[in-house]
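Coordinates as given in query-v6.txt (compact mmCIF, C-alpha atoms):
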```txt
# COMPACT_ATOMS: atom_id res chain seq x y z
CA MET Q 589 18.10 125.05 -79.76
CA MET Q 590 16.75 123.99 -83.15
CA GLU Q 591 18.90 126.60 -84.83
CA GLN Q 592 22.01 125.23 -83.19
CA ILE Q 593 21.23 121.69 -84.32
CA VAL Q 594 20.73 122.88 -87.91
CA ASP Q 595 23.94 124.90 -87.66
CA ILE Q 596 25.93 121.91 -86.43
CA ALA Q 597 24.46 119.63 -89.10
CA SER Q 598 25.27 122.23 -91.72
CA TRP Q 599 28.86 122.53 -90.57
CA ILE Q 600 29.30 118.76 -90.52
CA LEU Q 601 28.05 118.57 -94.12
CA ILE Q 602 30.27 121.45 -95.25
CA VAL Q 603 33.35 119.92 -93.63
CA LEU Q 604 32.55 116.49 -95.09
CA GLY Q 605 32.03 118.03 -98.52
CA SER Q 606 35.35 119.84 -98.23
CA PHE Q 607 37.00 116.58 -97.25
CA PHE Q 608 35.78 114.89 -100.43
CA ILE Q 609 36.82 117.86 -102.55
CA ILE Q 610 40.33 117.78 -101.11
CA THR Q 611 40.46 114.01 -101.55
CA GLY Q 612 39.38 114.40 -105.17
CA ALA Q 613 42.05 117.03 -105.72
CA ALA Q 614 44.67 114.76 -104.14
CA GLY Q 615 43.43 111.96 -106.38
CA MET Q 616 43.87 114.14 -109.45
CA LEU Q 617 47.51 114.58 -108.48
CA ARG Q 618 48.11 110.94 -107.60
CA MET Q 619 46.47 109.26 -110.59
CA PRO Q 620 48.80 108.31 -113.46
CA ASP Q 621 46.97 109.48 -116.60
CA LEU Q 622 44.18 111.70 -117.91
CA PHE Q 623 41.36 109.17 -117.70
CA THR Q 624 42.08 107.99 -114.18
CA ARG Q 625 42.39 111.64 -113.13
CA MET Q 626 38.90 112.26 -114.47
CA HIS Q 627 37.61 109.54 -112.17
CA ALA Q 628 39.15 111.31 -109.20
CA ALA Q 629 37.62 114.61 -110.34
CA SER Q 630 34.16 113.07 -110.51
CA VAL Q 631 34.25 112.54 -106.74
CA ILE Q 632 34.49 116.31 -106.40
CA GLU Q 633 31.57 117.16 -108.64
CA THR Q 634 29.24 114.53 -107.22
CA LEU Q 635 29.77 113.78 -103.55
CA GLY Q 636 31.84 116.85 -102.64
CA ALA Q 637 29.61 119.38 -104.37
CA THR Q 638 26.39 117.81 -103.06
CA LEU Q 639 27.44 117.72 -99.42
CA LEU Q 640 28.70 121.29 -99.67
CA VAL Q 641 25.52 122.57 -101.31
CA VAL Q 642 23.22 120.73 -98.89
CA GLY Q 643 25.24 122.20 -96.02
CA LEU Q 644 24.80 125.67 -97.52
CA MET Q 645 21.08 125.03 -97.96
CA LEU Q 646 20.77 124.33 -94.25
CA GLN Q 647 22.40 127.71 -93.64
CA ALA Q 648 20.01 129.45 -96.04
CA GLY Q 649 16.87 127.77 -94.71
CA PHE Q 650 13.66 127.49 -96.70
CA THR Q 651 14.26 130.45 -99.01
CA LEU Q 652 14.76 131.31 -102.66
CA VAL Q 653 18.50 130.95 -102.08
CA SER Q 654 17.97 127.26 -101.31
CA ALA Q 655 15.95 126.84 -104.50
CA LYS Q 656 18.80 128.39 -106.45
CA LEU Q 657 21.26 126.06 -104.75
CA VAL Q 658 19.12 123.13 -105.93
CA PHE Q 659 19.50 124.50 -109.46
CA VAL Q 660 23.26 124.70 -109.01
CA LEU Q 661 23.27 121.05 -108.01
CA LEU Q 662 21.06 120.01 -110.94
CA LEU Q 663 23.32 121.99 -113.24
CA PHE Q 664 26.30 119.99 -111.96
CA PHE Q 665 24.39 116.78 -112.60
CA PHE Q 666 23.49 117.62 -116.17
CA ILE Q 667 26.60 119.46 -117.31
CA GLY Q 668 29.21 117.36 -115.48
CA PRO Q 669 28.79 114.21 -117.60
CA VAL Q 670 28.58 116.24 -120.82
CA ALA Q 671 31.89 117.93 -120.07
CA ALA Q 672 33.49 114.65 -118.96
CA HIS Q 673 32.31 112.92 -122.11
CA ALA Q 674 33.58 115.75 -124.33
CA LEU Q 675 36.97 115.72 -122.59
CA ALA Q 676 37.37 111.94 -122.79
CA GLN Q 677 36.36 111.79 -126.43
CA ALA Q 678 38.56 114.73 -127.39
CA ALA Q 679 41.52 112.99 -125.72
CA LEU Q 680 40.84 109.72 -127.55
CA HIS Q 681 40.45 111.51 -130.88
CA ALA Q 682 43.72 113.34 -130.28
CA GLY Q 683 45.37 109.96 -129.88
CA VAL Q 684 45.93 109.92 -126.11
CA GLU Q 685 46.34 106.25 -125.29
CA PRO Q 686 44.75 105.39 -121.96
CA MET Q 687 46.97 103.47 -119.57
CA LEU Q 688 45.14 100.18 -119.25
CA ASP Q 689 45.45 97.00 -117.24
CA GLU Q 690 42.91 95.30 -119.41
CA ASP Q 691 41.39 96.24 -122.76
CA ARG Q 692 38.09 94.60 -123.60
CA ARG Q 693 37.18 96.98 -126.41
CA ASN Q 694 37.63 94.42 -129.17
CA ARG Q 695 35.34 91.93 -127.51
CA GLU Q 696 31.74 91.54 -128.55
CA PRO Q 697 29.83 93.81 -126.10
CA PRO Q 698 27.61 91.88 -123.69
CA GLY Q 699 24.19 92.82 -122.39
CA GLY Q 700 21.28 94.80 -123.74
CA ALA Q 701 19.47 94.25 -127.01
CA GLU Q 702 20.97 93.15 -130.32
CA LYS Q 703 23.85 95.23 -131.57
CA ASN Q 704 22.79 98.32 -133.45
CA GLU Q 705 25.48 100.67 -134.67
CA THR Q 706 23.07 103.21 -136.13
CA ASP Q 707 21.64 105.87 -133.90
CA PRO Q 708 18.05 105.32 -132.81
CA VAL Q 709 15.50 107.77 -134.16
CA GLU Q 710 12.78 109.21 -132.00
CA PRO Q 711 9.32 108.32 -133.33
CA LYS Q 712 7.63 111.46 -134.61
CA THR Q 713 4.87 112.65 -132.31
CA MET C 346 1.13 120.30 -125.65
CA ARG C 347 4.89 119.93 -125.28
CA GLN C 348 5.27 123.65 -125.90
CA VAL C 349 2.82 124.44 -123.10
CA SER C 350 4.69 122.16 -120.71
CA LEU C 351 8.03 123.70 -121.69
CA GLY C 352 6.55 127.17 -121.17
CA LEU C 353 5.30 126.27 -117.69
CA PHE C 354 8.70 124.86 -116.74
CA LEU C 355 10.55 127.88 -118.04
CA PHE C 356 8.22 130.28 -116.26
CA ALA C 357 8.52 128.39 -112.96
CA PHE C 358 12.29 128.52 -113.42
CA TRP C 359 12.10 132.25 -114.10
CA LEU C 360 9.94 132.86 -111.02
CA ILE C 361 12.36 131.03 -108.75
CA LEU C 362 15.43 132.74 -110.15
CA SER C 363 13.90 136.20 -110.21
CA GLY C 364 12.39 136.69 -106.75
CA HIS C 365 10.77 139.96 -107.90
CA TYR C 366 7.04 139.75 -108.41
CA THR C 367 5.87 143.13 -109.70
CA PRO C 368 3.44 143.09 -112.68
CA PHE C 369 6.00 144.72 -114.96
CA LEU C 370 8.69 142.14 -114.27
CA LEU C 371 6.20 139.27 -114.48
CA ALA C 372 5.16 140.53 -117.92
CA ILE C 373 8.77 140.65 -119.02
CA GLY C 374 9.23 137.10 -117.72
CA LEU C 375 6.20 135.87 -119.63
CA GLY C 376 7.45 137.61 -122.74
CA SER C 377 10.88 136.01 -122.57
CA VAL C 378 9.36 132.58 -121.90
CA ALA C 379 7.10 132.99 -124.96
CA LEU C 380 10.09 134.05 -127.04
CA ALA C 381 12.20 131.12 -125.82
CA VAL C 382 9.42 128.61 -126.55
CA TYR C 383 8.85 130.14 -130.00
CA VAL C 384 12.54 130.04 -130.91
CA SER C 385 13.04 126.47 -129.68
CA SER C 386 9.94 125.36 -131.58
CA ARG C 387 11.35 126.94 -134.73
CA MET C 388 14.62 125.11 -134.06
CA ARG C 389 12.61 121.87 -133.71
CA VAL C 390 14.26 120.98 -130.42
CA VAL C 391 10.99 120.69 -128.48
CA ASP C 392 10.56 116.96 -129.06
CA ALA C 393 10.71 113.78 -127.03
CA GLU C 394 14.49 114.15 -126.91
CA GLY C 395 14.69 117.82 -126.00
CA HIS C 396 11.85 117.92 -123.50
CA PRO C 397 10.97 114.34 -122.47
CA ILE C 398 7.74 114.89 -120.54
CA GLY C 399 7.04 111.15 -120.64
CA LEU C 400 9.85 110.59 -118.13
CA LEU C 401 8.66 113.29 -115.74
CA SER C 402 6.66 111.19 -113.29
CA ARG C 403 9.49 108.69 -112.72
CA TRP C 404 12.29 111.22 -112.72
CA LEU C 405 12.56 111.71 -108.96
CA GLY C 406 12.56 107.99 -108.19
CA TYR C 407 15.32 107.41 -110.71
CA LEU C 408 17.37 110.30 -109.34
CA VAL C 409 17.18 108.88 -105.81
CA TRP C 410 18.31 105.44 -107.02
CA LEU C 411 21.11 106.96 -109.10
CA TYR C 412 22.17 109.10 -106.17
CA ILE C 413 22.60 106.10 -103.90
CA GLU C 414 24.73 104.44 -106.62
CA ILE C 415 26.81 107.60 -106.95
CA MET C 416 27.46 107.79 -103.21
CA LYS C 417 28.51 104.14 -103.07
CA SER C 418 30.98 104.43 -105.93
CA ALA C 419 32.22 107.87 -104.83
CA TRP C 420 33.12 106.32 -101.50
CA ALA C 421 34.84 103.43 -103.28
CA VAL C 422 36.92 105.86 -105.39
CA THR C 423 37.74 107.91 -102.29
CA ARG C 424 39.11 104.79 -100.60
CA ILE C 425 41.23 104.02 -103.66
CA ILE C 426 42.67 107.56 -103.58
CA ILE C 427 43.43 107.40 -99.87
CA ASP C 428 45.02 103.95 -100.15
CA PRO C 429 48.83 104.41 -100.19
CA LYS C 430 49.17 101.65 -102.80
CA LEU C 431 46.66 103.32 -105.17
CA PRO C 432 45.05 99.98 -106.19
CA ILE C 433 43.74 100.90 -109.65
CA SER C 434 43.32 98.59 -112.63
CA PRO C 435 42.06 100.78 -115.51
CA THR C 436 39.90 98.83 -117.90
CA MET C 437 38.13 99.80 -121.10
CA THR C 438 35.16 97.84 -122.31
CA LYS C 439 32.07 98.04 -124.47
CA VAL C 440 28.53 97.40 -123.37
CA ARG C 441 25.22 97.45 -125.18
CA ALA C 442 22.42 99.66 -124.03
CA SER C 443 18.97 98.09 -124.14
CA GLN C 444 17.17 101.47 -124.21
CA LYS C 445 15.05 102.20 -127.25
CA THR C 446 15.03 106.01 -127.39
CA PRO C 447 17.86 108.55 -127.71
CA ALA C 448 16.80 110.10 -124.39
CA GLY C 449 17.05 106.66 -122.75
CA ILE C 450 20.54 105.96 -124.11
CA ALA C 451 21.67 109.46 -123.15
CA THR C 452 20.35 108.86 -119.64
CA TYR C 453 22.28 105.61 -119.41
CA ALA C 454 25.52 107.10 -120.77
CA ASN C 455 25.28 110.12 -118.49
CA SER C 456 24.46 107.97 -115.48
CA ILE C 457 27.60 105.92 -116.14
CA THR C 458 29.69 109.07 -116.37
CA LEU C 459 28.13 110.60 -113.25
CA THR C 460 28.99 107.52 -111.23
CA PRO C 461 32.59 108.03 -110.08
CA GLY C 462 34.90 105.31 -111.36
CA THR C 463 33.28 104.89 -114.77
CA ILE C 464 33.22 107.22 -117.79
CA THR C 465 31.43 106.79 -121.10
CA THR C 466 33.96 107.78 -123.72
CA ASP C 467 31.94 106.98 -126.84
CA VAL C 468 28.41 106.17 -127.95
CA LYS C 469 27.74 104.56 -131.33
CA GLY C 470 24.15 103.50 -131.79
CA ASN C 471 23.50 101.43 -128.69
CA VAL C 472 27.12 100.44 -128.07
CA LEU C 473 28.83 102.41 -125.32
CA THR C 474 32.60 102.48 -124.83
CA ILE C 475 33.48 102.76 -121.17
CA HIS C 476 36.61 103.54 -119.20
CA ALA C 477 36.56 102.13 -115.67
CA LEU C 478 39.01 102.94 -112.89
CA VAL C 479 39.02 99.38 -111.57
CA ARG C 480 38.26 96.08 -113.27
CA GLY C 481 35.28 95.54 -110.98
CA GLY C 482 33.59 98.68 -112.31
CA ALA C 483 33.71 97.31 -115.86
CA ASP C 484 32.41 93.93 -114.64
CA ASP C 485 29.46 95.61 -112.91
CA LEU C 486 28.45 97.46 -116.06
CA GLU C 487 28.81 94.30 -118.15
CA GLY C 488 26.50 92.65 -115.64
CA GLY C 489 23.89 95.13 -116.83
CA ASP C 490 22.25 96.06 -113.53
CA MET C 491 22.29 99.79 -114.26
CA ASP C 492 21.22 99.14 -117.85
CA ARG C 493 18.11 97.31 -116.66
CA HIS C 494 17.35 100.10 -114.23
CA VAL C 495 17.57 102.80 -116.90
CA SER C 496 15.41 100.72 -119.25
CA GLY C 497 12.84 100.36 -116.48
CA PHE C 498 12.94 104.10 -115.98
CA GLU C 499 12.47 104.63 -119.71
CA ARG C 500 9.50 102.28 -120.01
CA GLY C 501 7.87 103.01 -116.67
CA ARG C 502 8.81 99.92 -114.69
CA VAL C 503 11.47 100.59 -112.07
```

Translate this structure into structure tokens?
Amino acid sequence: MMEQIVDIASWILIVLGSFFIITGAAGMLRMPDLFTRMHAASVIETLGATLLVVGLMLQAGFTLVSAKLVFVLLLFFFIGPVAAHALAQAALHAGVEPMLDEDRRNREPPGGAEKNETDPVEPKT
Amino acid sequence: MRQVSLGLFLFAFWLILSGHYTPFLLAIGLGSVALAVYVSSRMRVVDAEGHPIGLLSRWLGYLVWLYIEIMKSAWAVTRIIIDPKLPISPTMTKVRASQKTPAGIATYANSITLTPGTITTDVKGNVLTIHALVRGGADDLEGGDMDRHVSGFERGRV
């Protein structure tokens, strides 16, 4: 009985994850330019990947495989933004102009502390 | 101190990935951990930026909060994709990060990128350039809610 419940939950998660992955892929096709496409792709690597991995973890149970799946997820979470940042910055450096409705880049940035254009330095420990 | 902590983390990681616990393999694991710690110490990457042990105790709480944010915005982006009219209004803006340490600013910038609908395209000092899929996403970041949360995480007050 318990096994069946876990199985059903796992399948629901896997199907939901697949749904978000397909939606993200559709979004990548529908969006008009590189930057908006990246937003669609981030649905895949966050929500889609998580639901899929959690569904797989339910299949694996409390084993080393599950622990490794957690690592896969953490890897996504740490590498995803690095890759996205590298891609976006490379595109901007190459002169790809983002398609914008509104550009607030020349405005004085709000929030946070006083402006500081130099990189902060970690105090030596 | 930091080296010891890094060694423990690496060895725990090795144990979980390996799954073989014979004395010979454990010795090899210990040896490779020692080598990795030695090399990264020589490279001077075992510092508050490379291995921020100060953030360890609050890490899980922050991840849970961030995860809820990610789910909310992922759902919002999904609805935009499904909408036949594709109601996007791409906006680029700049915000200031109030974090004091490089690890804090990196956490903020990466959290923005992880949240679907917003990407950090550039970091200069504490000024982040952001591309948002809809105008509302840029407004939210300018409001500074996430910034305050990351600063709380950095300082120990969430």

message = Would you pick out the contacts of Val422 (chain C) at 9 Å or less, using all atoms listed in the file, so that residues sharing its chain but fewer than 3 positions from it are not included, and give the list as a PyMOL selection string?
response = (chain Q and resi 612+615+627-628+631) or (chain C and resi 417-419+425-427+461-462+478)

remark   = Correct to one decimal, the distance CA of Gly352 (chain C)-CA of Leu380 (chain C) is 9.7 Å

Near chain Q, 6 Å: chain C residue rows, closest pairs, only C-alpha atoms, as a Markdown table:
```
| residue | atom | partner | partner_atom | distance |
| --- | --- | --- | --- | --- |
| C:Ala419 | CA | Q:Val631 | CA | 5.4 |
| C:Ile426 | CA | Q:Gly615 | CA | 5.3 |
| C:Ser434 | CA | Q:Asp689 | CA | 5.3 |
| C:Pro435 | CA | Q:Leu688 | CA | 4.9 |
| C:Thr436 | CA | Q:Glu690 | CA | 4.9 |
| C:Met437 | CA | Q:Asp691 | CA | 5.1 |
| C:Thr438 | CA | Q:Arg692 | CA | 4.6 |
| C:Lys439 | CA | Q:Pro697 | CA | 5.1 |
| C:Val440 | CA | Q:Pro697 | CA | 4.7 |
| C:Arg441 | CA | Q:Gly700 | CA | 5.0 |
| C:Ala442 | CA | Q:Gly700 | CA | 5.0 |
| C:Ser443 | CA | Q:Gly700 | CA | 4.0 |
| C:Asn455 | CA | Q:Pro669 | CA | 5.5 |
| C:Thr458 | CA | Q:Pro669 | CA | 5.4 |
| C:Leu459 | CA | Q:Pro669 | CA | 5.7 |
| C:Pro461 | CA | Q:Ser630 | CA | 5.3 |
| C:Gly462 | CA | Q:His627 | CA | 5.1 |
| C:Thr466 | CA | Q:Gln677 | CA | 5.4 |
| C:Lys469 | CA | Q:Glu705 | CA | 5.6 |
| C:Gly470 | CA | Q:Asp707 | CA | 4.0 |
| C:Asn471 | CA | Q:Asn704 | CA | 5.7 |
```

query = Using all atoms listed in the file, which residues sit within 12 Å of Ala372 (chain C) once same-chain residues fewer than 5 positions away are excluded, as an MDAnalysis selection string?
reply = chainID C and resid 356 359:360 365:367 377:379

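Our summary of the geometry notes that CA of Gly376 (chain C) is positioned 27.2 Å from CA of Leu661 (chain Q).
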
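Taking CA of Arg500 (chain C) as the reference point, CA of Ser385 (chain C) is found at 26.3 Å.
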
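When all atoms listed in the file are used to measure the gap to Thr452 (chain C), the shortest distance among C:Leu408, C:Leu371, C:Ile413, C:Leu355 belongs to C:Leu408.
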
Generate the coordinates of N, CA and C atoms for region 649-674 of chain Q; report them as a PDB file, in the frame of the given file.
```pdb
ATOM      1  N   GLY Q 649      18.240 128.026 -95.122  1.00  0.00           N
ATOM      2  CA  GLY Q 649      16.870 127.770 -94.710  1.00  0.00           C
ATOM      3  C   GLY Q 649      15.950 127.626 -95.893  1.00  0.00           C
ATOM      4  N   PHE Q 650      14.636 127.718 -95.640  1.00  0.00           N
ATOM      5  CA  PHE Q 650      13.660 127.490 -96.700  1.00  0.00           C
ATOM      6  C   PHE Q 650      13.411 128.788 -97.457  1.00  0.00           C
ATOM      7  N   THR Q 651      14.370 129.184 -98.302  1.00  0.00           N
ATOM      8  CA  THR Q 651      14.260 130.450 -99.010  1.00  0.00           C
ATOM      9  C   THR Q 651      14.542 130.260-100.494  1.00  0.00           C
ATOM     10  N   LEU Q 652      14.449 131.356-101.231  1.00  0.00           N
ATOM     11  CA  LEU Q 652      14.760 131.310-102.660  1.00  0.00           C
ATOM     12  C   LEU Q 652      16.217 130.917-102.891  1.00  0.00           C
ATOM     13  N   VAL Q 653      17.078 131.306-101.945  1.00  0.00           N
ATOM     14  CA  VAL Q 653      18.500 130.950-102.080  1.00  0.00           C
ATOM     15  C   VAL Q 653      18.654 129.435-102.147  1.00  0.00           C
ATOM     16  N   SER Q 654      17.902 128.726-101.295  1.00  0.00           N
ATOM     17  CA  SER Q 654      17.970 127.260-101.310  1.00  0.00           C
ATOM     18  C   SER Q 654      17.520 126.716-102.647  1.00  0.00           C
ATOM     19  N   ALA Q 655      16.444 127.300-103.195  1.00  0.00           N
ATOM     20  CA  ALA Q 655      15.950 126.840-104.500  1.00  0.00           C
ATOM     21  C   ALA Q 655      17.031 127.026-105.556  1.00  0.00           C
ATOM     22  N   LYS Q 656      17.737 128.156-105.471  1.00  0.00           N
ATOM     23  CA  LYS Q 656      18.800 128.390-106.450  1.00  0.00           C
ATOM     24  C   LYS Q 656      19.945 127.409-106.263  1.00  0.00           C
ATOM     25  N   LEU Q 657      20.213 127.047-104.991  1.00  0.00           N
ATOM     26  CA  LEU Q 657      21.260 126.060-104.750  1.00  0.00           C
ATOM     27  C   LEU Q 657      20.877 124.710-105.345  1.00  0.00           C
ATOM     28  N   VAL Q 658      19.570 124.370-105.291  1.00  0.00           N
ATOM     29  CA  VAL Q 658      19.120 123.130-105.930  1.00  0.00           C
ATOM     30  C   VAL Q 658      19.424 123.187-107.423  1.00  0.00           C
ATOM     31  N   PHE Q 659      19.202 124.361-108.031  1.00  0.00           N
ATOM     32  CA  PHE Q 659      19.500 124.500-109.460  1.00  0.00           C
ATOM     33  C   PHE Q 659      20.985 124.326-109.730  1.00  0.00           C
ATOM     34  N   VAL Q 660      21.815 124.865-108.848  1.00  0.00           N
ATOM     35  CA  VAL Q 660      23.260 124.700-109.010  1.00  0.00           C
ATOM     36  C   VAL Q 660      23.612 123.217-109.035  1.00  0.00           C
ATOM     37  N   LEU Q 661      22.993 122.480-108.106  1.00  0.00           N
ATOM     38  CA  LEU Q 661      23.270 121.050-108.010  1.00  0.00           C
ATOM     39  C   LEU Q 661      22.807 120.319-109.271  1.00  0.00           C
ATOM     40  N   LEU Q 662      21.579 120.648-109.725  1.00  0.00           N
ATOM     41  CA  LEU Q 662      21.060 120.010-110.940  1.00  0.00           C
ATOM     42  C   LEU Q 662      21.946 120.336-112.130  1.00  0.00           C
ATOM     43  N   LEU Q 663      22.424 121.569-112.160  1.00  0.00           N
ATOM     44  CA  LEU Q 663      23.320 121.990-113.240  1.00  0.00           C
ATOM     45  C   LEU Q 663      24.570 121.112-113.267  1.00  0.00           C
ATOM     46  N   PHE Q 664      25.148 120.886-112.074  1.00  0.00           N
ATOM     47  CA  PHE Q 664      26.300 119.990-111.960  1.00  0.00           C
ATOM     48  C   PHE Q 664      25.967 118.628-112.552  1.00  0.00           C
ATOM     49  N   PHE Q 665      24.764 118.134-112.216  1.00  0.00           N
ATOM     50  CA  PHE Q 665      24.390 116.780-112.600  1.00  0.00           C
ATOM     51  C   PHE Q 665      24.156 116.653-114.087  1.00  0.00           C
ATOM     52  N   PHE Q 666      23.740 117.728-114.741  1.00  0.00           N
ATOM     53  CA  PHE Q 666      23.490 117.620-116.170  1.00  0.00           C
ATOM     54  C   PHE Q 666      24.703 118.026-116.997  1.00  0.00           C
ATOM     55  N   ILE Q 667      25.476 118.974-116.517  1.00  0.00           N
ATOM     56  CA  ILE Q 667      26.600 119.460-117.310  1.00  0.00           C
ATOM     57  C   ILE Q 667      27.862 118.638-117.059  1.00  0.00           C
ATOM     58  N   GLY Q 668      28.016 118.133-115.825  1.00  0.00           N
ATOM     59  CA  GLY Q 668      29.210 117.360-115.480  1.00  0.00           C
ATOM     60  C   GLY Q 668      29.489 116.235-116.470  1.00  0.00           C
ATOM     61  N   PRO Q 669      28.525 115.315-116.684  1.00  0.00           N
ATOM     62  CA  PRO Q 669      28.790 114.210-117.600  1.00  0.00           C
ATOM     63  C   PRO Q 669      29.032 114.666-119.037  1.00  0.00           C
ATOM     64  N   VAL Q 670      28.362 115.747-119.448  1.00  0.00           N
ATOM     65  CA  VAL Q 670      28.580 116.240-120.820  1.00  0.00           C
ATOM     66  C   VAL Q 670      30.024 116.690-120.982  1.00  0.00           C
ATOM     67  N   ALA Q 671      30.515 117.450-120.009  1.00  0.00           N
ATOM     68  CA  ALA Q 671      31.890 117.930-120.070  1.00  0.00           C
ATOM     69  C   ALA Q 671      32.870 116.765-120.004  1.00  0.00           C
ATOM     70  N   ALA Q 672      32.591 115.800-119.106  1.00  0.00           N
ATOM     71  CA  ALA Q 672      33.490 114.650-118.960  1.00  0.00           C
ATOM     72  C   ALA Q 672      33.544 113.854-120.254  1.00  0.00           C
ATOM     73  N   HIS Q 673      32.368 113.668-120.862  1.00  0.00           N
ATOM     74  CA  HIS Q 673      32.310 112.920-122.110  1.00  0.00           C
ATOM     75  C   HIS Q 673      33.086 113.653-123.211  1.00  0.00           C
ATOM     76  N   ALA Q 674      32.891 114.966-123.294  1.00  0.00           N
ATOM     77  CA  ALA Q 674      33.580 115.750-124.330  1.00  0.00           C
ATOM     78  C   ALA Q 674      35.094 115.653-124.135  1.00  0.00           C
TER      79      ALA Q 674
END
```
